[in-house]
Amino acid sequence: MKPITDVKVVKTTESAFIRPFSLIFKQGGNEIKWDLIDSHNGVFVIIYNRTRNTLVCVKQFRPGVYYKSIPECDRPKDGYIDTVKYPPSIGLTVEFCAGIVDKNKTLEEIAVDEVREECGYEVKVSDMEKIISCRAALSTAGSIMTFFYTEVTDQMKISEGGGLAHEGEDIEVVEYTIPEIRDIITQSEVLNGSSSFLFGLMWFLTNKIVLNK
């Protein structure tokens, strides 16, 4: 990944990805105002490389994780962040290949695109096994996230992946062995991974590794 510098906090004026708004309703006669974010639904893809017996994942800089990793007393409301005191590496996360649903395509087609763009593997729609669709960010967005599973081999690798540069993506492809996966889910804290990532790891170990023993 390219180095990250000049990190600055600014106010959002408009966004192609989220729209903040509020919902006002009455419950038991009391009026309640709830702040929300209108955001895209998404897909996650758990990718298993049969050649090397590894899970293919992605590492990338997540600004939200970076900002929340800084003690509240040192988070500026606007202006530059001291990246010497708080290096951008604290905002690096490990995730499954994923993408937002913003195209006129099926979820499976979007998942295929993301696998090719982020991880460099050419898979087919028929290779996508749907796992589950569920809600995310329940209190603020309620977006629907759909998980898929697919298997690849080294022969299916067509590029290094890394995401689409014109969309601001700078992704590193990383792989984890089965022992490494088991080690991750037994930790008391996994602050560089999301609940969806941990769910996917546990699903894989339960439904693929156990069944193949």
# chains A, B, ... in the order shown; residues from 1 in each chain; ligands from 1
call {"tool": "residues_around", "arguments": {"residues": "segment 67-81 of chain A", "least_positions_apart": "5", "cutoff": "7 Å", "atoms": "only C-alpha atoms", "output": "PyMOL selection string"}}
result
chain A and resi 6-10+86+90
call {"tool": "residues_around", "arguments": {"residues": "segment 2-4 of chain A", "least_positions_apart": "2", "cutoff": "9 Å", "atoms": "only C-alpha atoms", "output": "list in words"}}
result
Asp6, Val7, Phe61, Thr83, Pro87, Pro88, Ser89 and Asp170 of chain A
call {"tool": "write_last_selection", "arguments": {"atoms": "N, CA and C atoms", "output": "CSV table (one decimal), in the first residue's frame"}}
result
chain,number,residue,atom,x,y,z
A,6,ASP,N,-0.7,13.6,5.7
A,6,ASP,CA,-1.5,14.8,5.7
A,6,ASP,C,-3.0,14.4,6.0
A,7,VAL,N,-3.2,13.7,7.1
A,7,VAL,CA,-4.5,13.3,7.5
A,7,VAL,C,-5.2,14.5,8.1
A,61,PHE,N,-6.5,0.6,4.6
A,61,PHE,CA,-6.7,1.7,5.6
A,61,PHE,C,-8.1,2.1,5.7
A,83,THR,N,0.3,12.5,12.7
A,83,THR,CA,0.5,11.2,12.2
A,83,THR,C,1.8,10.6,12.7
A,87,PRO,N,0.3,7.0,14.0
A,87,PRO,CA,0.6,6.6,12.7
A,87,PRO,C,-0.6,6.0,12.0
A,88,PRO,N,-0.7,6.2,10.7
A,88,PRO,CA,-1.9,5.6,9.9
A,88,PRO,C,-2.0,4.1,10.1
A,89,SER,N,-0.9,3.4,10.4
A,89,SER,CA,-0.9,1.9,10.6
A,89,SER,C,-2.0,1.5,11.6
A,170,ASP,N,-6.8,1.2,-2.4
A,170,ASP,CA,-5.4,0.8,-2.3
A,170,ASP,C,-5.3,-0.4,-1.3
call {"tool": "residues_around", "arguments": {"residues": "segment 91-103 of chain A", "least_positions_apart": "6", "cutoff": "7 Å", "atoms": "only C-alpha atoms", "output": "PyMOL selection string"}}
result
chain A and resi 40-46+57-63+65-66+114-115+118+192-193+197
call {"tool": "select_by_dssp", "arguments": {"residues": "chain A", "states": "alpha helix (DSSP H)", "output": "ChimeraX atom specification"}}
result
/A:63-68,107-114,178-185,195-204
call {"tool": "select_by_dssp", "arguments": {"residues": "segment 57-213 of chain A", "states": "strand (DSSP E)", "output": "PyMOL selection string"}}
result
chain A and resi 57-61+79-80+92-95+97-100+129-136+143-152+172-177
call {"tool": "atom_distance", "arguments": {"atom1": "atom CA of Ala16 of chain A", "atom2": "atom CA of Ser39 of chain A"}}
result
9.3 Å
call {"tool": "closest_residue", "arguments": {"among": "A:Ile24, A:Cys119, A:Ala141, A:Ile158", "to": "Leu36 of chain A", "atoms": "only C-alpha atoms"}}
result
A:Ala141
call {"tool": "atom_distance", "arguments": {"atom1": "atom CA of Glu167 of chain A", "atom2": "atom CA of Phe17 of chain A"}}
result
11.9 Å
